[in-house]
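File shown: work-v5.cif. Contents: mmCIF, C-alpha atoms; chains and numbers go by the auth columns.
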```cif
data_query
#
loop_
_atom_site.group_PDB
_atom_site.id
_atom_site.type_symbol
_atom_site.label_atom_id
_atom_site.label_comp_id
_atom_site.label_asym_id
_atom_site.label_seq_id
_atom_site.Cartn_x
_atom_site.Cartn_y
_atom_site.Cartn_z
_atom_site.B_iso_or_equiv
_atom_site.auth_seq_id
_atom_site.auth_asym_id
ATOM 1 C CA SER A 1 -40.539 -147.496 146.564 0.00 1 A
ATOM 2 C CA GLN A 2 -39.581 -144.715 144.200 0.00 2 A
ATOM 3 C CA GLN A 3 -41.187 -145.143 140.829 0.00 3 A
ATOM 4 C CA GLY A 4 -39.231 -142.495 138.993 0.00 4 A
ATOM 5 C CA GLU A 5 -35.482 -142.157 138.760 0.00 5 A
ATOM 6 C CA GLU A 6 -33.906 -138.913 137.592 0.00 6 A
ATOM 7 C CA ASP A 7 -30.666 -138.606 135.729 0.00 7 A
ATOM 8 C CA PRO A 8 -28.233 -136.968 136.260 0.00 8 A
ATOM 9 C CA GLN A 9 -28.222 -136.616 140.056 0.00 9 A
ATOM 10 C CA ALA A 10 -26.586 -133.204 139.727 0.00 10 A
ATOM 11 C CA LEU A 11 -26.055 -130.687 136.962 0.00 11 A
ATOM 12 C CA SER A 12 -24.025 -127.472 136.889 0.00 12 A
ATOM 13 C CA ILE A 13 -24.429 -125.054 133.997 0.00 13 A
ATOM 14 C CA GLN A 14 -23.651 -121.471 133.054 0.00 14 A
ATOM 15 C CA GLU A 15 -26.416 -118.894 133.001 0.00 15 A
ATOM 16 C CA GLY A 16 -27.992 -118.792 129.559 0.00 16 A
ATOM 17 C CA GLU A 17 -27.272 -122.455 128.798 0.00 17 A
ATOM 18 C CA ASN A 18 -29.917 -125.130 128.528 0.00 18 A
ATOM 19 C CA ALA A 19 -30.412 -127.797 131.188 0.00 19 A
ATOM 20 C CA THR A 20 -31.745 -131.240 130.402 0.00 20 A
ATOM 21 C CA MET A 21 -32.680 -133.906 132.898 0.00 21 A
ATOM 22 C CA ASN A 22 -34.274 -137.287 132.412 0.00 22 A
ATOM 23 C CA CYS A 23 -36.685 -139.452 134.316 0.00 23 A
ATOM 24 C CA SER A 24 -37.305 -143.174 133.950 0.00 24 A
ATOM 25 C CA TYR A 25 -40.155 -145.059 135.551 0.00 25 A
ATOM 26 C CA LYS A 26 -41.185 -148.674 135.941 0.00 26 A
ATOM 27 C CA THR A 27 -44.924 -149.158 135.505 0.00 27 A
ATOM 28 C CA SER A 28 -47.644 -147.762 133.284 0.00 28 A
ATOM 29 C CA ILE A 29 -48.743 -144.287 134.221 0.00 29 A
ATOM 30 C CA ASN A 30 -51.700 -141.974 133.798 0.00 30 A
ATOM 31 C CA ASN A 31 -49.565 -138.876 133.835 0.00 31 A
ATOM 32 C CA LEU A 32 -46.094 -137.651 134.742 0.00 32 A
ATOM 33 C CA GLN A 33 -45.433 -134.393 136.535 0.00 33 A
ATOM 34 C CA TRP A 34 -42.338 -132.299 137.154 0.00 34 A
ATOM 35 C CA TYR A 35 -41.845 -130.308 140.346 0.00 35 A
ATOM 36 C CA ARG A 36 -39.200 -127.860 141.541 0.00 36 A
ATOM 37 C CA GLN A 37 -37.953 -127.536 145.102 0.00 37 A
ATOM 38 C CA ASN A 38 -35.837 -124.660 146.385 0.00 38 A
ATOM 39 C CA SER A 39 -33.588 -125.217 149.401 0.00 39 A
ATOM 40 C CA GLY A 40 -35.547 -128.056 151.003 0.00 40 A
ATOM 41 C CA ARG A 41 -38.824 -126.147 151.059 0.00 41 A
ATOM 42 C CA GLY A 42 -42.188 -126.992 149.512 0.00 42 A
ATOM 43 C CA LEU A 43 -42.475 -128.298 145.966 0.00 43 A
ATOM 44 C CA VAL A 44 -43.802 -126.178 143.129 0.00 44 A
ATOM 45 C CA HIS A 45 -45.665 -127.837 140.273 0.00 45 A
ATOM 46 C CA LEU A 46 -44.082 -127.083 136.897 0.00 46 A
ATOM 47 C CA ILE A 47 -45.839 -129.142 134.266 0.00 47 A
ATOM 48 C CA LEU A 48 -48.006 -132.220 133.798 0.00 48 A
ATOM 49 C CA ILE A 49 -47.922 -134.454 130.737 0.00 49 A
ATOM 50 C CA ARG A 50 -50.512 -137.159 130.180 0.00 50 A
ATOM 51 C CA SER A 51 -49.738 -140.653 128.961 0.00 51 A
ATOM 52 C CA ASN A 52 -51.278 -139.914 125.546 0.00 52 A
ATOM 53 C CA GLU A 53 -49.151 -136.788 125.038 0.00 53 A
ATOM 54 C CA ARG A 54 -45.627 -136.741 123.645 0.00 54 A
ATOM 55 C CA GLU A 55 -44.490 -133.178 124.230 0.00 55 A
ATOM 56 C CA LYS A 56 -45.584 -130.184 126.209 0.00 56 A
ATOM 57 C CA HIS A 57 -44.287 -126.631 126.600 0.00 57 A
ATOM 58 C CA SER A 58 -44.659 -124.062 129.357 0.00 58 A
ATOM 59 C CA GLY A 59 -42.616 -120.887 129.035 0.00 59 A
ATOM 60 C CA ARG A 60 -38.941 -121.923 129.044 0.00 60 A
ATOM 61 C CA LEU A 61 -39.834 -125.514 129.923 0.00 61 A
ATOM 62 C CA ARG A 62 -40.210 -128.360 127.473 0.00 62 A
ATOM 63 C CA VAL A 63 -41.219 -131.843 128.578 0.00 63 A
ATOM 64 C CA THR A 64 -41.249 -134.981 126.478 0.00 64 A
ATOM 65 C CA LEU A 65 -42.723 -138.358 127.289 0.00 65 A
ATOM 66 C CA ASP A 66 -41.898 -141.684 125.675 0.00 66 A
ATOM 67 C CA THR A 67 -44.217 -144.320 127.113 0.00 67 A
ATOM 68 C CA SER A 68 -42.579 -147.107 125.089 0.00 68 A
ATOM 69 C CA LYS A 69 -39.295 -146.402 126.855 0.00 69 A
ATOM 70 C CA LYS A 70 -40.971 -145.366 130.102 0.00 70 A
ATOM 71 C CA SER A 71 -39.013 -142.155 130.171 0.00 71 A
ATOM 72 C CA SER A 72 -39.458 -138.395 130.219 0.00 72 A
ATOM 73 C CA SER A 73 -37.164 -135.427 129.857 0.00 73 A
ATOM 74 C CA LEU A 74 -37.333 -131.863 131.136 0.00 74 A
ATOM 75 C CA LEU A 75 -35.528 -129.140 129.235 0.00 75 A
ATOM 76 C CA ILE A 76 -35.028 -125.686 130.720 0.00 76 A
ATOM 77 C CA THR A 77 -33.922 -123.233 128.073 0.00 77 A
ATOM 78 C CA ALA A 78 -31.881 -120.061 128.644 0.00 78 A
ATOM 79 C CA SER A 79 -31.309 -120.889 132.305 0.00 79 A
ATOM 80 C CA ARG A 80 -31.204 -118.218 134.990 0.00 80 A
ATOM 81 C CA ALA A 81 -29.700 -118.156 138.473 0.00 81 A
ATOM 82 C CA ALA A 82 -33.243 -118.424 139.840 0.00 82 A
ATOM 83 C CA ASP A 83 -33.546 -121.863 138.204 0.00 83 A
ATOM 84 C CA THR A 84 -31.080 -123.236 140.764 0.00 84 A
ATOM 85 C CA ALA A 85 -33.129 -125.888 142.561 0.00 85 A
ATOM 86 C CA SER A 86 -33.863 -129.592 142.773 0.00 86 A
ATOM 87 C CA TYR A 87 -36.169 -130.978 140.119 0.00 87 A
ATOM 88 C CA PHE A 88 -38.309 -134.060 140.664 0.00 88 A
ATOM 89 C CA CYS A 89 -40.399 -136.150 138.361 0.00 89 A
ATOM 90 C CA ALA A 90 -43.494 -137.732 139.847 0.00 90 A
ATOM 91 C CA THR A 91 -45.717 -140.374 138.352 0.00 91 A
ATOM 92 C CA ASP A 92 -49.419 -140.837 138.909 0.00 92 A
ATOM 93 C CA TRP A 93 -49.989 -144.502 138.190 0.00 93 A
ATOM 94 C CA SER A 94 -53.117 -145.106 140.178 0.00 94 A
ATOM 95 C CA ASN A 95 -55.101 -142.063 139.073 0.00 95 A
ATOM 96 C CA ASP A 96 -55.722 -141.340 142.733 0.00 96 A
ATOM 97 C CA TYR A 97 -53.306 -138.437 142.872 0.00 97 A
ATOM 98 C CA LYS A 98 -50.850 -140.442 144.968 0.00 98 A
ATOM 99 C CA LEU A 99 -47.657 -139.298 143.430 0.00 99 A
ATOM 100 C CA SER A 100 -44.513 -141.416 143.339 0.00 100 A
ATOM 101 C CA PHE A 101 -41.369 -139.270 143.239 0.00 101 A
ATOM 102 C CA GLY A 102 -37.826 -139.907 142.110 0.00 102 A
ATOM 103 C CA ALA A 103 -34.739 -138.799 144.039 0.00 103 A
ATOM 104 C CA GLY A 104 -34.381 -135.629 141.978 0.00 104 A
ATOM 105 C CA THR A 105 -31.808 -133.748 139.942 0.00 105 A
ATOM 106 C CA THR A 106 -29.998 -130.856 141.630 0.00 106 A
ATOM 107 C CA VAL A 107 -29.395 -128.048 139.155 0.00 107 A
ATOM 108 C CA THR A 108 -26.928 -125.253 139.839 0.00 108 A
ATOM 109 C CA VAL A 109 -26.891 -122.291 137.472 0.00 109 A
ATOM 110 C CA ARG A 110 -23.666 -120.293 137.678 0.00 110 A
ATOM 111 C CA ALA A 111 -23.725 -116.565 137.000 0.00 111 A
ATOM 112 C CA GLU B 1 -56.798 -117.544 147.437 0.00 1 B
ATOM 113 C CA THR B 2 -54.871 -118.894 150.422 0.00 2 B
ATOM 114 C CA GLY B 3 -52.199 -121.466 149.724 0.00 3 B
ATOM 115 C CA VAL B 4 -51.331 -124.569 151.707 0.00 4 B
ATOM 116 C CA THR B 5 -49.932 -123.793 155.140 0.00 5 B
ATOM 117 C CA GLN B 6 -48.200 -126.065 157.623 0.00 6 B
ATOM 118 C CA SER B 7 -47.273 -125.758 161.268 0.00 7 B
ATOM 119 C CA PRO B 8 -44.927 -125.775 162.970 0.00 8 B
ATOM 120 C CA THR B 9 -42.021 -124.898 160.673 0.00 9 B
ATOM 121 C CA HIS B 10 -39.466 -126.746 162.739 0.00 10 B
ATOM 122 C CA LEU B 11 -39.746 -129.255 165.559 0.00 11 B
ATOM 123 C CA ILE B 12 -37.251 -131.124 167.714 0.00 12 B
ATOM 124 C CA LYS B 13 -38.322 -134.256 169.578 0.00 13 B
ATOM 125 C CA THR B 14 -36.616 -137.156 171.315 0.00 14 B
ATOM 126 C CA ARG B 15 -36.953 -140.850 170.576 0.00 15 B
ATOM 127 C CA GLY B 16 -40.151 -142.380 171.870 0.00 16 B
ATOM 128 C CA GLN B 17 -42.100 -139.134 171.916 0.00 17 B
ATOM 129 C CA GLN B 18 -45.187 -138.373 169.895 0.00 18 B
ATOM 130 C CA VAL B 19 -45.675 -135.511 167.445 0.00 19 B
ATOM 131 C CA THR B 20 -48.597 -133.841 165.667 0.00 20 B
ATOM 132 C CA LEU B 21 -48.115 -131.853 162.482 0.00 21 B
ATOM 133 C CA ARG B 22 -50.824 -129.665 161.000 0.00 22 B
ATOM 134 C CA CYS B 23 -51.827 -128.644 157.510 0.00 23 B
ATOM 135 C CA SER B 24 -54.424 -126.264 156.121 0.00 24 B
ATOM 136 C CA SER B 25 -55.363 -127.083 152.565 0.00 25 B
ATOM 137 C CA GLN B 26 -55.846 -124.586 149.781 0.00 26 B
ATOM 138 C CA SER B 27 -59.310 -123.105 149.538 0.00 27 B
ATOM 139 C CA GLY B 28 -61.667 -125.379 147.608 0.00 28 B
ATOM 140 C CA HIS B 29 -59.462 -128.477 147.943 0.00 29 B
ATOM 141 C CA ASN B 30 -60.937 -131.494 149.694 0.00 30 B
ATOM 142 C CA THR B 31 -58.020 -133.905 149.269 0.00 31 B
ATOM 143 C CA VAL B 32 -54.882 -133.784 151.369 0.00 32 B
ATOM 144 C CA SER B 33 -51.790 -135.960 150.955 0.00 33 B
ATOM 145 C CA TRP B 34 -48.834 -136.275 153.291 0.00 34 B
ATOM 146 C CA TYR B 35 -45.267 -137.033 152.228 0.00 35 B
ATOM 147 C CA GLN B 36 -42.033 -137.687 154.089 0.00 36 B
ATOM 148 C CA GLN B 37 -38.836 -136.397 152.519 0.00 37 B
ATOM 149 C CA ALA B 38 -35.543 -137.586 153.986 0.00 38 B
ATOM 150 C CA LEU B 39 -32.443 -135.528 153.314 0.00 39 B
ATOM 151 C CA GLY B 40 -31.281 -135.928 149.724 0.00 40 B
ATOM 152 C CA GLN B 41 -34.285 -138.030 148.741 0.00 41 B
ATOM 153 C CA GLY B 42 -37.551 -137.476 146.946 0.00 42 B
ATOM 154 C CA PRO B 43 -40.832 -137.274 148.854 0.00 43 B
ATOM 155 C CA GLN B 44 -42.358 -140.592 149.903 0.00 44 B
ATOM 156 C CA PHE B 45 -46.160 -140.894 150.008 0.00 45 B
ATOM 157 C CA ILE B 46 -47.489 -141.538 153.522 0.00 46 B
ATOM 158 C CA PHE B 47 -51.273 -141.359 153.069 0.00 47 B
ATOM 159 C CA GLN B 48 -54.084 -139.357 151.553 0.00 48 B
ATOM 160 C CA TYR B 49 -57.364 -138.105 152.985 0.00 49 B
ATOM 161 C CA TYR B 50 -60.469 -137.334 150.971 0.00 50 B
ATOM 162 C CA ARG B 51 -63.530 -135.883 152.692 0.00 51 B
ATOM 163 C CA GLU B 52 -62.310 -136.984 156.126 0.00 52 B
ATOM 164 C CA GLU B 53 -61.617 -140.595 155.102 0.00 53 B
ATOM 165 C CA GLU B 54 -58.235 -142.213 154.480 0.00 54 B
ATOM 166 C CA ASN B 55 -57.981 -142.779 150.751 0.00 55 B
ATOM 167 C CA GLY B 56 -54.812 -144.769 150.333 0.00 56 B
ATOM 168 C CA ARG B 57 -51.649 -145.375 152.283 0.00 57 B
ATOM 169 C CA GLY B 58 -47.997 -145.815 151.439 0.00 58 B
ATOM 170 C CA ASN B 59 -45.492 -148.156 153.033 0.00 59 B
ATOM 171 C CA PHE B 60 -45.477 -146.601 156.490 0.00 60 B
ATOM 172 C CA PRO B 61 -46.139 -148.357 159.834 0.00 61 B
ATOM 173 C CA PRO B 62 -49.368 -147.829 161.827 0.00 62 B
ATOM 174 C CA ARG B 63 -47.626 -145.427 164.217 0.00 63 B
ATOM 175 C CA PHE B 64 -48.086 -142.911 161.393 0.00 64 B
ATOM 176 C CA SER B 65 -51.720 -141.856 161.527 0.00 65 B
ATOM 177 C CA GLY B 66 -53.774 -138.951 160.329 0.00 66 B
ATOM 178 C CA LEU B 67 -56.993 -137.042 160.464 0.00 67 B
ATOM 179 C CA GLN B 68 -58.896 -134.743 158.171 0.00 68 B
ATOM 180 C CA PHE B 69 -61.412 -132.300 159.573 0.00 69 B
ATOM 181 C CA PRO B 70 -64.692 -130.987 158.094 0.00 70 B
ATOM 182 C CA ASN B 71 -62.894 -127.854 156.897 0.00 71 B
ATOM 183 C CA TYR B 72 -60.440 -130.187 155.083 0.00 72 B
ATOM 184 C CA SER B 73 -57.483 -129.257 157.248 0.00 73 B
ATOM 185 C CA SER B 74 -55.436 -132.244 158.316 0.00 74 B
ATOM 186 C CA GLU B 75 -53.120 -133.627 160.964 0.00 75 B
ATOM 187 C CA LEU B 76 -50.295 -136.127 160.787 0.00 76 B
ATOM 188 C CA ASN B 77 -49.517 -137.944 164.020 0.00 77 B
ATOM 189 C CA VAL B 78 -46.417 -140.011 164.611 0.00 78 B
ATOM 190 C CA ASN B 79 -46.102 -142.116 167.757 0.00 79 B
ATOM 191 C CA ALA B 80 -43.006 -143.686 169.290 0.00 80 B
ATOM 192 C CA LEU B 81 -40.643 -141.505 167.280 0.00 81 B
ATOM 193 C CA GLU B 82 -37.496 -143.081 165.892 0.00 82 B
ATOM 194 C CA LEU B 83 -34.301 -141.410 164.721 0.00 83 B
ATOM 195 C CA ASP B 84 -35.157 -142.300 161.103 0.00 84 B
ATOM 196 C CA ASP B 85 -38.337 -140.242 161.353 0.00 85 B
ATOM 197 C CA SER B 86 -36.172 -137.140 161.086 0.00 86 B
ATOM 198 C CA ALA B 87 -37.265 -135.592 157.789 0.00 87 B
ATOM 199 C CA LEU B 88 -39.178 -132.825 156.064 0.00 88 B
ATOM 200 C CA TYR B 89 -42.909 -133.578 156.190 0.00 89 B
ATOM 201 C CA LEU B 90 -44.876 -132.146 153.317 0.00 90 B
ATOM 202 C CA CYS B 91 -48.583 -131.787 152.932 0.00 91 B
ATOM 203 C CA ALA B 92 -50.227 -131.274 149.553 0.00 92 B
ATOM 204 C CA SER B 93 -53.806 -130.482 148.649 0.00 93 B
ATOM 205 C CA SER B 94 -55.723 -130.949 145.431 0.00 94 B
ATOM 206 C CA GLU B 95 -59.212 -130.614 144.029 0.00 95 B
ATOM 207 C CA THR B 96 -61.268 -133.733 143.732 0.00 96 B
ATOM 208 C CA SER B 97 -60.857 -133.906 140.011 0.00 97 B
ATOM 209 C CA GLY B 98 -57.535 -132.105 139.844 0.00 98 B
ATOM 210 C CA GLU B 99 -54.195 -133.643 139.168 0.00 99 B
ATOM 211 C CA GLU B 100 -51.845 -130.896 140.194 0.00 100 B
ATOM 212 C CA GLN B 101 -50.929 -131.029 143.873 0.00 101 B
ATOM 213 C CA PHE B 102 -50.227 -127.845 145.773 0.00 102 B
ATOM 214 C CA PHE B 103 -47.569 -128.286 148.427 0.00 103 B
ATOM 215 C CA GLY B 104 -47.083 -126.505 151.702 0.00 104 B
ATOM 216 C CA PRO B 105 -43.653 -125.309 152.852 0.00 105 B
ATOM 217 C CA GLY B 106 -43.154 -128.371 155.056 0.00 106 B
ATOM 218 C CA THR B 107 -42.347 -129.110 158.680 0.00 107 B
ATOM 219 C CA ARG B 108 -38.763 -130.036 159.471 0.00 108 B
ATOM 220 C CA LEU B 109 -38.791 -132.704 162.204 0.00 109 B
ATOM 221 C CA THR B 110 -35.601 -133.631 164.010 0.00 110 B
ATOM 222 C CA VAL B 111 -35.604 -136.652 166.328 0.00 111 B
ATOM 223 C CA LEU B 112 -32.726 -136.834 168.792 0.00 112 B
#
```
I need this file expressed as C-alpha cells, please.
Amino acid sequence: SQQGEEDPQALSIQEGENATMNCSYKTSINNLQWYRQNSGRGLVHLILIRSNEREKHSGRLRVTLDTSKKSSSLLITASRAADTASYFCATDWSNDYKLSFGAGTTVTVRA
Amino acid sequence: ETGVTQSPTHLIKTRGQQVTLRCSSQSGHNTVSWYQQALGQGPQFIFQYYREEENGRGNFPPRFSGLQFPNYSSELNVNALELDDSALYLCASSETSGEEQFFGPGTRLTVL
C-alpha cells in the first residue's frame, strides 16, 4: 500500500513562479524523502528530512515536515523548465530503508 | 564513482514466460532494493537484499524472486508473467548506514 499521498496530482506553472506540493502519510516515520523523476526514468533523491526536523533547505528547495499532521510540503522557488518532472514523497517508517512512495505530483513549468 | 546500472533497458515478453532483470549497485553499496512502478503510479517496494540475504519483502507473490551476488549486484526474477507485470522495474542501492537510495534508470517490461 502507498503510505504517502501527494497533492495536487498535477501542477502547471510559469517559469519563475514557485511550485508547492504536499504529501500526507499514515503512520509514524523515521524520515521523509522527496525524489524527482524525469520522463519515467530513474528517481533522483532531492532531500531528506528527519522526524525531529521541521524545515530543511537545499538550493531552491524547501521542505517542511509536520509530524502532528503527518504531512510534508516541498516548495520549489523560481522554477525553471528543467524542473518539469514528477515529484514523489517517500517515507521510511521501518528504518530499514524500505521506502513507501506516494503516487506523485506531475509538475509542468511553462516557458 | 559508478552509478547504479540496470539491464536490459527494455524487454518484451509474453504471458507465462519468465524474465530476469539485472542491477549493478553503486560502488561501496551493499544493499539493493527493487521496486515496481506501474504507469502513472509511484514505485512499489518488492524486496531488499543486504549482503546476499533477503532483508524484507513487500506485498508481491512468490513468483517474484531475487538474488544478490558477492559483488552486491542483484537480479530480479519473475516467473509465469502476467499482463499486470508490465511496468518499470527500478533498482536502488544504498550504504549500510545510509538513508538516501540511489536509483538506476530502470527496465521497462512489457508483457503481451
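Remark: for Thr105 of chain A, the closest of the candidate residues A:Thr67, A:Ser28, A:Ser79, A:Ser86 is A:Ser86 (distances computed over all atoms listed in the file).
The shortest atom-to-atom distance to Phe101 of chain A, with all atoms listed in the file taken into account, belongs to B:Phe45 out of B:Pro62, B:Ser86, B:Ala92, B:Phe45.
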Between atom CA of Ile29 of chain A and atom CA of Gly40 of chain B, distance in Å (one decimal): 24.8 Å
Chain B contacts to chain A at 9 Å (all atoms listed in the file) as a PyMOL selection string: chain B and resi 33+39-45+47-48+55-59+88+90-91+94+98-107
Hey, can you spit out that residue selection with C-alpha atoms as a compact mmCIF listing (two decimals), in the frame of the given file?
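What ended up in again23.txt:
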```txt
# COMPACT_ATOMS: atom_id res chain seq x y z
CA SER B 33 -51.79 -135.96 150.96
CA LEU B 39 -32.44 -135.53 153.31
CA GLY B 40 -31.28 -135.93 149.72
CA GLN B 41 -34.28 -138.03 148.74
CA GLY B 42 -37.55 -137.48 146.95
CA PRO B 43 -40.83 -137.27 148.85
CA GLN B 44 -42.36 -140.59 149.90
CA PHE B 45 -46.16 -140.89 150.01
CA PHE B 47 -51.27 -141.36 153.07
CA GLN B 48 -54.08 -139.36 151.55
CA ASN B 55 -57.98 -142.78 150.75
CA GLY B 56 -54.81 -144.77 150.33
CA ARG B 57 -51.65 -145.38 152.28
CA GLY B 58 -48.00 -145.82 151.44
CA ASN B 59 -45.49 -148.16 153.03
CA LEU B 88 -39.18 -132.82 156.06
CA LEU B 90 -44.88 -132.15 153.32
CA CYS B 91 -48.58 -131.79 152.93
CA SER B 94 -55.72 -130.95 145.43
CA GLY B 98 -57.54 -132.10 139.84
CA GLU B 99 -54.20 -133.64 139.17
CA GLU B 100 -51.84 -130.90 140.19
CA GLN B 101 -50.93 -131.03 143.87
CA PHE B 102 -50.23 -127.84 145.77
CA PHE B 103 -47.57 -128.29 148.43
CA GLY B 104 -47.08 -126.50 151.70
CA PRO B 105 -43.65 -125.31 152.85
CA GLY B 106 -43.15 -128.37 155.06
CA THR B 107 -42.35 -129.11 158.68
```
Between atom CA of Ser72 of chain A and atom CA of Arg110 of chain A - distance in Å to one decimal: 25.2 Å
For Thr77 of chain A, work out the shell of residues within 7 Å, counting only C-alpha atoms and skipping chain neighbours fewer than 5 positions away, then give it as a tab-separated table (two decimals) with C-alpha atoms, keeping the file's coordinate frame.
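Dumped to selection.tsv:
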```
chain	number	residue	atom	x	y	z
A	17	GLU	CA	-27.27	-122.46	128.80
A	18	ASN	CA	-29.92	-125.13	128.53
A	19	ALA	CA	-30.41	-127.80	131.19
A	60	ARG	CA	-38.94	-121.92	129.04
A	61	LEU	CA	-39.83	-125.51	129.92
```
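The gap separating atom CA of Thr14 of chain B from atom CA of Arg108 of chain B is 14.0 Å, in Å to one decimal.
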Hits from the PyMOL selection byres ((chain B and resi 12) around 12), listed as a ChimeraX atom specification: /B:8-11,13-15,17-20,81,83,85-88,107-112
Residue with smallest distance to Arg51 of chain B - pool B:Gly16, B:Glu82, B:Ser74, B:Ala38, counting all atoms listed in the file: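 The shortest atom-to-atom distance to Arg51 of chain B comes from B:Ser74.
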Explicit residues for the PyMOL selection byres ((chain B and resi 68) around 8) (as a PyMOL selection string): chain B and resi 32+49-53+66-67+69-70+72-75
Test item: the PyMOL selection byres ((chain A and resi 65) around 10) resolved as a ChimeraX atom specification: /A:22-24,31-32,49-56,63-64,66-74
Expected file contents, prior selection, C-alpha atoms, as a short mmCIF file (atom, residue, chain, number, x, y, z; two decimals), in the frame of the given file:
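Written out: again_10.cif:
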```cif
data_model
loop_
_atom_site.label_atom_id
_atom_site.label_comp_id
_atom_site.auth_asym_id
_atom_site.auth_seq_id
_atom_site.Cartn_x
_atom_site.Cartn_y
_atom_site.Cartn_z
CA ASN A 22 -34.27 -137.29 132.41
CA CYS A 23 -36.68 -139.45 134.32
CA SER A 24 -37.30 -143.17 133.95
CA ASN A 31 -49.56 -138.88 133.84
CA LEU A 32 -46.09 -137.65 134.74
CA ILE A 49 -47.92 -134.45 130.74
CA ARG A 50 -50.51 -137.16 130.18
CA SER A 51 -49.74 -140.65 128.96
CA ASN A 52 -51.28 -139.91 125.55
CA GLU A 53 -49.15 -136.79 125.04
CA ARG A 54 -45.63 -136.74 123.64
CA GLU A 55 -44.49 -133.18 124.23
CA LYS A 56 -45.58 -130.18 126.21
CA VAL A 63 -41.22 -131.84 128.58
CA THR A 64 -41.25 -134.98 126.48
CA ASP A 66 -41.90 -141.68 125.68
CA THR A 67 -44.22 -144.32 127.11
CA SER A 68 -42.58 -147.11 125.09
CA LYS A 69 -39.30 -146.40 126.86
CA LYS A 70 -40.97 -145.37 130.10
CA SER A 71 -39.01 -142.16 130.17
CA SER A 72 -39.46 -138.40 130.22
CA SER A 73 -37.16 -135.43 129.86
CA LEU A 74 -37.33 -131.86 131.14
#
```
Using the file's own x, y and z axes, so that the box edges lie along x, y and z, what centre and edge lengths in Å (one decimal) does a box around every listed atom of segment 101-109 of chain B get when 8 Å is added on each side? Give it as lines of an AutoDock Vina configuration file.
```
center_x = -44.8
center_y = -129.0
center_z = 153.0
size_x = 28.2
size_y = 23.4
size_z = 34.3
```
